[in-house]
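To start, the structure itself, in structure tokens.
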Amino acid sequence: MTNNHDDAATAEGARRRFATHAVHTGQAVDEVYGAVVPPVHFSTTYAPDGIGNLRNGYDYGRAGNPTRTALQQQLAALEGGAHGFSFGSGLAAEDAVIRAAMRPGQRLVMGNDAYGGTYRLFARIHGEWGIANTPLDLADHDRVAAELEHDDATVLWVETPSNPLMNVTDIAALARIAHERGALLVVDNTFATPYLQQPLALGADVVVHSTTKYIGGHSDVVGGAVVLNDDDLAEKVAFQQFAVGAVSGPLDAYLTTRGLKTLAVRMDRHCANAQAIAEHFEGHAAIERVLYPGLASHPDHQLAARQMRGFGGMVSLQLAGGEPAARKVAEATRYFILAESLGGVESLMNYPHEMTHASVRGTELAVPENLLRLSVGIEDVADLIEDLEQALGGL
């Protein structure tokens, strides 16, 4: 018997709004037992109905898994894309895109404020494979256009807001620049999430995520995602996923799906808390600068307001006392946990210069030594402000 939830899904899918997609897409009620939450499929192999006659297309866990399929449907729907792919990490997702879209002898143009792990992947892995990269200021559209005029520059890689400098890049403008020169635009949407920003609708060709962050949302699962519309490129990404095998396991896929269901309500709270913290500490005697696109003083504030539906949960602080002050504050908080990563329900404090961005020290992507990155959680914001105040008070 066909489940009426399934029947309605195809017809109603295009009309669903974000939070409804997050809860229902790929989550049909189980037909055998009526389970509202679909079962997690742990099997590594699937018995065909006779040789060459696969049951619903599944034969081996690396090639496909029903739990991963459900997550991929969610990811595609929330980014407004035709194809979604889930990987074992964000860097695995990025690697699959590069190997699918580029070849040795070609060059990638990227922001000079990208995540250190992304730059390490491009420089030390793909660089040795014969793919060059050119980091530059993506706000300089003339320079971007000039670089993309060269035949070897085939991909423009954008991270917005950037990690951890919180620069916002004009996706629509760079999409036009890239496409006029035959280049592909890839957008890392990890900080914004599909709830706050829709790169494909703004002209991007590919969206990537570290689903470890806000999409998973609970600091308990590592994963990555790729979402796109182009059928030919999607086939190449799918082959990378299958042939290389950097896939998310069934439990990881389930945990990511569970996190996605509450993304909208979590992001509302993350944004509200981050805005309150940024406003409270702007002008604080111990802080040289607050980096948050929700502040009117941020140079990209108007662009962020136009391009995003909220300003996100990430705030960076540059301490007036330099590196010693940054280190002392990072180790003095009570609710902000000193740790790498971001996007969980708990607030995290990170010192990028020696933690997440240590791989870019000594390069033009180096992070200021007085900078702290805050992943603002969903706790009571008054407690978070008091926590930062007591840490700053110890300087």
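Chain lettering (A, B, ...) mirrors the order of the structure tokens, residue numbering begins at 1 for each chain separately, and ligand numbering begins at 1 in order of display.
Using only C-alpha atoms, the residues found no farther than 7 Å from region 62-77 of chain A, other than those of its own chain fewer than 2 positions away, are His21, Ala22, Thr25, Gly26, Gln27, Val40, His41, Tyr58, Tyr60, Glu79, Gly80, Gly81, Ala82, His83, Gly84, Phe85, Ser86, Val227, Phe242, Gly245, Val247, Pro250, Ala253, Tyr254 and Thr257 of chain A.
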- Message: Neighbouring residues of Met166 (chain A) were defined as those with any atom within 9 Å, considering only C-alpha atoms; residues of the same chain fewer than 4 positions away were excluded. Please report them as a PyMOL selection string.
- Response: chain A and resi 113+160-162+291-293+314-316
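The smallest atom-to-atom distance between Thr333 (chain A) and any of A:Leu165, A:Cys271, A:Ala153, A:Ala391, using only C-alpha atoms, is found for A:Ala391.
Between CA of His179 (chain A) and CA of Leu228 (chain A) there is a distance of 15.4 Å.
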- Measure the distance from CA of Asp59 (chain A) to CA of Pro39 (chain A) in Å and round it to one decimal.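 Taking CA of Asp59 (chain A) and CA of Pro39 (chain A), their separation equals 18.0 Å.
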- The residue from A:Leu54, A:Leu374, A:Ala114, A:Ile125 with the smallest atom-to-atom distance to Glu159 (chain A), counting only C-alpha atoms, is A:Ala114
- Item | region 299-305 of chain A environment, 8 Å, only C-alpha atoms, sequence neighbours closer than 4 positions dropped, as number ranges by chain | A: 167-170, 293-295, 309-311
For the residues in that selection, give me C-alpha atoms as a PDB file, in the first residue's frame.
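So the final result, stored in part-v4.pdb, reads:
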ATOM      1  CA  ASN A 167      33.899  39.243   5.202  1.00  0.00           C
ATOM      2  CA  VAL A 168      30.784  39.004   3.045  1.00  0.00           C
ATOM      3  CA  THR A 169      31.141  38.430  -0.705  1.00  0.00           C
ATOM      4  CA  ASP A 170      28.636  39.495  -3.356  1.00  0.00           C
ATOM      5  CA  PRO A 293      28.063  41.605   9.551  1.00  0.00           C
ATOM      6  CA  GLY A 294      24.981  42.419  11.622  1.00  0.00           C
ATOM      7  CA  LEU A 295      26.647  45.597  12.907  1.00  0.00           C
ATOM      8  CA  ARG A 309      18.000  36.632   5.822  1.00  0.00           C
ATOM      9  CA  GLY A 310      20.040  36.884   9.032  1.00  0.00           C
ATOM     10  CA  PHE A 311      23.636  37.577   9.978  1.00  0.00           C
TER      11      PHE A 311
END
- Task: For CA of Phe281 (chain A) and CA of Ile171 (chain A), quote the distance in Å rounded to one decimal.
- Result: 29.2 Å
- Task: Could you please write out, as a PyMOL selection string, every residue of region 23-253 of chain A that DSSP assigns to helix (DSSP H, G or I)?
- Result: chain A and resi 23-24+66-79+90-101+116-129+141-148+171-180+193-196+200-202+231-244+250-253
- Message: Which residues are close to Leu91 (chain A), i.e. within 8 Å by only C-alpha atoms, leaving aside same-chain residues fewer than 6 positions away? Reply as a list in words.
- Response: Gly117, Thr118, Leu121, Ser210 and Gly224 of chain A
- Determine, counting only C-alpha atoms, which protein, DNA and RNA residues have an atom within 7 Å of an atom of Val23 (chain A); residues of the same chain fewer than 3 positions away are not included. Present the result as a ChimeraX atom specification. /A:19-20,261
Pull N, CA and C atoms from the residues just selected and write them as a PDB file, in the first residue's frame.
ATOM      1  N   ALA A  19      11.332  25.421   6.610  1.00  0.00           N
ATOM      2  CA  ALA A  19      11.239  24.611   7.820  1.00  0.00           C
ATOM      3  C   ALA A  19      10.433  23.337   7.581  1.00  0.00           C
ATOM      4  N   THR A  20       9.471  23.384   6.661  1.00  0.00           N
ATOM      5  CA  THR A  20       8.686  22.193   6.334  1.00  0.00           C
ATOM      6  C   THR A  20       9.538  21.194   5.561  1.00  0.00           C
ATOM      7  N   LYS A 261      16.583  19.015  10.914  1.00  0.00           N
ATOM      8  CA  LYS A 261      15.165  19.257  11.190  1.00  0.00           C
ATOM      9  C   LYS A 261      14.942  20.480  12.073  1.00  0.00           C
TER      10      LYS A 261
END
At a cut-off of 12 Å, can you tabulate as a Markdown table every residue of region 153-250 of chain A near region 348-356 of chain A together with its closest atom pair and the distance in Å to one decimal, using only C-alpha atoms and ordering rows by chain then number?
| residue | atom | partner | partner_atom | distance |
| --- | --- | --- | --- | --- |
| A:Asn163 | CA | A:Pro352 | CA | 9.3 |
| A:Pro164 | CA | A:Pro352 | CA | 7.6 |
| A:Leu165 | CA | A:Pro352 | CA | 10.3 |
| A:Lys213 | CA | A:Leu348 | CA | 11.7 |
| A:His218 | CA | A:Leu348 | CA | 11.9 |
| A:Ser219 | CA | A:Leu348 | CA | 10.4 |
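Considering the residues A:Arg15, A:Asn112, A:Gln275, A:Leu255 and counting only C-alpha atoms, Val37 (chain A) has its shortest atom-to-atom contact with A:Leu255.
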